[in-house]
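Everything below belongs to start_26.cif, which stores mmCIF, C-alpha atoms; chains and numbers go by the auth columns.
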data_query
#
loop_
_atom_site.group_PDB
_atom_site.id
_atom_site.type_symbol
_atom_site.label_atom_id
_atom_site.label_comp_id
_atom_site.label_asym_id
_atom_site.label_seq_id
_atom_site.Cartn_x
_atom_site.Cartn_y
_atom_site.Cartn_z
_atom_site.B_iso_or_equiv
_atom_site.auth_seq_id
_atom_site.auth_asym_id
ATOM 1 C CA MET A 1 0.000 0.000 0.000 0.00 372 Q
ATOM 2 C CA ALA A 2 1.457 3.360 -1.010 0.00 373 Q
ATOM 3 C CA LEU A 3 1.618 5.984 1.670 0.00 374 Q
ATOM 4 C CA THR A 4 0.040 9.296 0.865 0.00 375 Q
ATOM 5 C CA ARG A 5 1.985 12.514 1.125 0.00 376 Q
ATOM 6 C CA ASP A 6 -0.319 13.675 3.921 0.00 377 Q
ATOM 7 C CA PHE A 7 0.558 10.611 6.000 0.00 378 Q
ATOM 8 C CA ARG A 8 4.290 11.123 5.454 0.00 379 Q
ATOM 9 C CA GLU A 9 3.966 14.781 6.425 0.00 380 Q
ATOM 10 C CA THR A 10 2.049 13.758 9.546 0.00 381 Q
ATOM 11 C CA VAL A 11 4.766 11.291 10.568 0.00 382 Q
ATOM 12 C CA GLN A 12 7.475 13.856 9.853 0.00 383 Q
ATOM 13 C CA ALA A 13 5.691 16.548 11.879 0.00 384 Q
ATOM 14 C CA ARG A 14 5.162 14.132 14.756 0.00 385 Q
ATOM 15 C CA VAL A 15 8.820 13.128 14.870 0.00 386 Q
ATOM 16 C CA GLU A 16 10.053 16.715 14.473 0.00 387 Q
ATOM 17 C CA SER A 17 7.888 17.923 17.343 0.00 388 Q
ATOM 18 C CA ALA A 18 8.796 14.967 19.525 0.00 389 Q
ATOM 19 C CA THR A 19 11.774 14.575 21.747 0.00 390 Q
ATOM 20 C CA PRO A 20 14.788 12.594 20.499 0.00 391 Q
ATOM 21 C CA PRO A 21 13.710 9.397 22.296 0.00 392 Q
ATOM 22 C CA SER A 22 10.696 9.245 19.940 0.00 393 Q
ATOM 23 C CA GLU A 23 13.046 9.224 16.964 0.00 394 Q
ATOM 24 C CA LYS A 24 15.042 6.450 18.608 0.00 395 Q
ATOM 25 C CA GLY A 25 11.804 4.581 19.263 0.00 396 Q
ATOM 26 C CA LEU A 26 10.844 4.728 15.600 0.00 397 Q
ATOM 27 C CA LEU A 27 14.296 3.519 14.590 0.00 398 Q
ATOM 28 C CA SER A 28 14.222 0.743 17.214 0.00 399 Q
ATOM 29 C CA GLU A 29 10.809 -0.402 16.034 0.00 400 Q
ATOM 30 C CA ALA A 30 12.069 -0.494 12.438 0.00 401 Q
ATOM 31 C CA ILE A 31 15.100 -2.584 13.385 0.00 402 Q
ATOM 32 C CA GLU A 32 13.031 -4.937 15.544 0.00 403 Q
ATOM 33 C CA SER A 33 10.615 -5.425 12.640 0.00 404 Q
ATOM 34 C CA LEU A 34 13.458 -6.292 10.285 0.00 405 Q
ATOM 35 C CA LEU A 35 15.040 -8.707 12.764 0.00 406 Q
ATOM 36 C CA SER A 36 11.738 -10.463 13.385 0.00 407 Q
ATOM 37 C CA GLY A 37 11.259 -11.045 9.662 0.00 408 Q
ATOM 38 C CA GLU A 38 8.732 -8.301 9.019 0.00 409 Q
ATOM 39 C CA VAL A 39 10.777 -6.790 6.204 0.00 410 Q
ATOM 40 C CA THR A 40 7.984 -4.775 4.586 0.00 411 Q
ATOM 41 C CA LEU A 41 7.035 -3.090 7.856 0.00 412 Q
ATOM 42 C CA GLY A 42 10.681 -2.509 8.767 0.00 413 Q
ATOM 43 C CA LYS A 43 11.389 -0.834 5.435 0.00 414 Q
ATOM 44 C CA GLU A 44 8.287 1.370 5.784 0.00 415 Q
ATOM 45 C CA LEU A 45 9.378 2.450 9.249 0.00 416 Q
ATOM 46 C CA LEU A 46 12.934 3.142 8.086 0.00 417 Q
ATOM 47 C CA ARG A 47 11.550 5.203 5.202 0.00 418 Q
ATOM 48 C CA ASP A 48 9.431 7.202 7.658 0.00 419 Q
ATOM 49 C CA TYR A 49 12.454 7.662 9.923 0.00 420 Q
ATOM 50 C CA ILE A 50 14.618 8.899 7.056 0.00 421 Q
ATOM 51 C CA ASN A 51 11.908 11.279 5.848 0.00 422 Q
ATOM 52 C CA ALA A 52 11.395 12.609 9.361 0.00 423 Q
ATOM 53 C CA THR A 53 15.058 13.108 10.167 0.00 424 Q
ATOM 54 C CA VAL A 54 17.758 13.707 7.542 0.00 425 Q
ATOM 55 C CA GLY A 55 15.709 13.202 4.386 0.00 426 Q
ATOM 56 C CA PHE A 56 16.653 11.166 1.324 0.00 427 Q
ATOM 57 C CA PRO A 57 18.654 13.891 -0.490 0.00 428 Q
ATOM 58 C CA LYS A 58 20.980 14.421 2.480 0.00 429 Q
ATOM 59 C CA LEU A 59 21.302 10.656 3.045 0.00 430 Q
ATOM 60 C CA ALA A 60 22.214 10.280 -0.637 0.00 431 Q
ATOM 61 C CA ALA A 61 24.918 12.917 -0.314 0.00 432 Q
ATOM 62 C CA HIS A 62 26.398 11.232 2.755 0.00 433 Q
ATOM 63 C CA THR A 63 26.282 7.695 1.376 0.00 434 Q
ATOM 64 C CA LYS A 64 27.096 8.593 -2.240 0.00 435 Q
ATOM 65 C CA ILE A 65 24.097 6.476 -3.290 0.00 436 Q
ATOM 66 C CA HIS A 66 21.673 8.048 -5.771 0.00 437 Q
ATOM 67 C CA VAL A 67 18.404 9.281 -4.241 0.00 438 Q
ATOM 68 C CA LYS A 68 16.341 7.120 -6.585 0.00 439 Q
ATOM 69 C CA THR A 69 18.311 4.035 -5.555 0.00 440 Q
ATOM 70 C CA LEU A 70 17.707 4.807 -1.870 0.00 441 Q
ATOM 71 C CA HIS A 71 13.980 5.211 -2.528 0.00 442 Q
ATOM 72 C CA GLN A 72 13.975 1.830 -4.275 0.00 443 Q
ATOM 73 C CA MET A 73 15.924 0.208 -1.420 0.00 444 Q
ATOM 74 C CA PHE A 74 13.420 1.392 1.174 0.00 445 Q
ATOM 75 C CA GLY A 75 10.363 1.130 -1.065 0.00 446 Q
ATOM 76 C CA PRO A 76 7.844 -1.682 -1.349 0.00 447 Q
ATOM 77 C CA GLU A 77 8.870 -4.911 -3.042 0.00 448 Q
ATOM 78 C CA ARG A 78 7.753 -5.240 -6.636 0.00 449 Q
ATOM 79 C CA GLU A 79 6.877 -8.511 -8.254 0.00 450 Q
ATOM 80 C CA SER A 80 9.160 -9.406 -11.123 0.00 451 Q
ATOM 81 C CA ASN A 81 7.829 -10.403 -14.531 0.00 452 Q
ATOM 82 C CA ARG A 82 8.672 -14.090 -14.592 0.00 453 Q
#
Kindly return the structure encoded in the file as structure tokens.
Amino acid sequence: MALTRDFRETVQARVESATPPSEKGLLSEAIESLLSGEVTLGKELLRDYINATVGFPKLAAHTKIHVKTLHQMFGPERESNR
């Protein structure tokens, strides 16, 4: 399910207005989801965390990975044409 821009803005506003432990909580929840095998949820939470904190353009500059590639890495899985 694609997230709407309004939802992303809501998450970003919530994290920006929250104290740093809330940001850590979102990151912890994302990591716990990934470790427990809930990859889709973990990637969604990481995407929300990135959007709410540094943003994809700044992350791309720091990692030297193209923004589009980062969006694909943290985006929903697509079925291949087999």
**OP:** Return as a VMD selection string the set of residues that the PyMOL selection byres ((chain Q and resi 443-449) around 8) yields on the displayed structure.
**Re:** chain Q and resid 411 414 to 415 417 to 418 439 to 442 450 to 451
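Here CA of Glu380 in chain Q and CA of Gly426 in chain Q stand 12.0 Å from one another.
Atom pair CA of Ala431 in chain Q / CA of Asp377 in chain Q has a distance of 23.2 Å (rounded to one decimal).
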Subject >> Of the listed residues Q:Val438, Q:Leu430, Q:Leu416, Q:Val410, that which approaches Leu398 in chain Q most closely, counting only C-alpha atoms >> reply: Q:Leu416
Please, could N, CA and C atoms be added to range 414-435 of chain Q and the result written as a compact mmCIF listing (two decimals), in the frame of the given file?
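Result written to result17.txt:
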# COMPACT_ATOMS: atom_id res chain seq x y z
N LYS Q 414 11.00 -1.78 6.47
CA LYS Q 414 11.39 -0.83 5.44
C LYS Q 414 10.49 0.40 5.45
N GLU Q 415 9.20 0.22 5.69
CA GLU Q 415 8.29 1.37 5.78
C GLU Q 415 8.68 2.27 6.94
N LEU Q 416 9.00 1.67 8.08
CA LEU Q 416 9.38 2.45 9.25
C LEU Q 416 10.71 3.16 9.03
N LEU Q 417 11.66 2.50 8.39
CA LEU Q 417 12.93 3.14 8.09
C LEU Q 417 12.73 4.31 7.13
N ARG Q 418 11.86 4.13 6.14
CA ARG Q 418 11.55 5.20 5.20
C ARG Q 418 10.94 6.40 5.93
N ASP Q 419 10.03 6.12 6.86
CA ASP Q 419 9.43 7.20 7.66
C ASP Q 419 10.49 7.89 8.50
N TYR Q 420 11.39 7.11 9.09
CA TYR Q 420 12.45 7.66 9.92
C TYR Q 420 13.37 8.56 9.10
N ILE Q 421 13.75 8.10 7.92
CA ILE Q 421 14.62 8.90 7.06
C ILE Q 421 13.92 10.19 6.65
N ASN Q 422 12.65 10.08 6.24
CA ASN Q 422 11.91 11.28 5.85
C ASN Q 422 11.77 12.26 7.00
N ALA Q 423 11.63 11.75 8.20
CA ALA Q 423 11.40 12.61 9.36
C ALA Q 423 12.68 13.19 9.93
N THR Q 424 13.81 12.62 9.57
CA THR Q 424 15.06 13.11 10.17
C THR Q 424 15.92 13.79 9.10
N VAL Q 425 16.82 13.08 8.47
CA VAL Q 425 17.76 13.71 7.54
C VAL Q 425 17.18 13.94 6.15
N GLY Q 426 16.26 13.11 5.74
CA GLY Q 426 15.71 13.20 4.39
C GLY Q 426 16.57 12.43 3.39
N PHE Q 427 15.96 11.99 2.31
CA PHE Q 427 16.65 11.17 1.32
C PHE Q 427 17.75 11.93 0.57
N PRO Q 428 17.57 13.19 0.21
CA PRO Q 428 18.65 13.89 -0.49
C PRO Q 428 19.93 14.00 0.35
N LYS Q 429 19.80 14.30 1.62
CA LYS Q 429 20.98 14.42 2.48
C LYS Q 429 21.61 13.05 2.71
N LEU Q 430 20.78 12.01 2.89
CA LEU Q 430 21.30 10.66 3.04
C LEU Q 430 22.06 10.24 1.79
N ALA Q 431 21.54 10.60 0.62
CA ALA Q 431 22.21 10.28 -0.64
C ALA Q 431 23.57 10.96 -0.72
N ALA Q 432 23.65 12.20 -0.29
CA ALA Q 432 24.92 12.92 -0.31
C ALA Q 432 25.94 12.27 0.62
N HIS Q 433 25.49 11.85 1.78
CA HIS Q 433 26.40 11.23 2.76
C HIS Q 433 26.85 9.84 2.34
N THR Q 434 25.96 9.08 1.73
CA THR Q 434 26.28 7.70 1.38
C THR Q 434 26.82 7.55 -0.04
N LYS Q 435 26.70 8.62 -0.83
CA LYS Q 435 27.10 8.59 -2.24
C LYS Q 435 26.29 7.56 -3.03
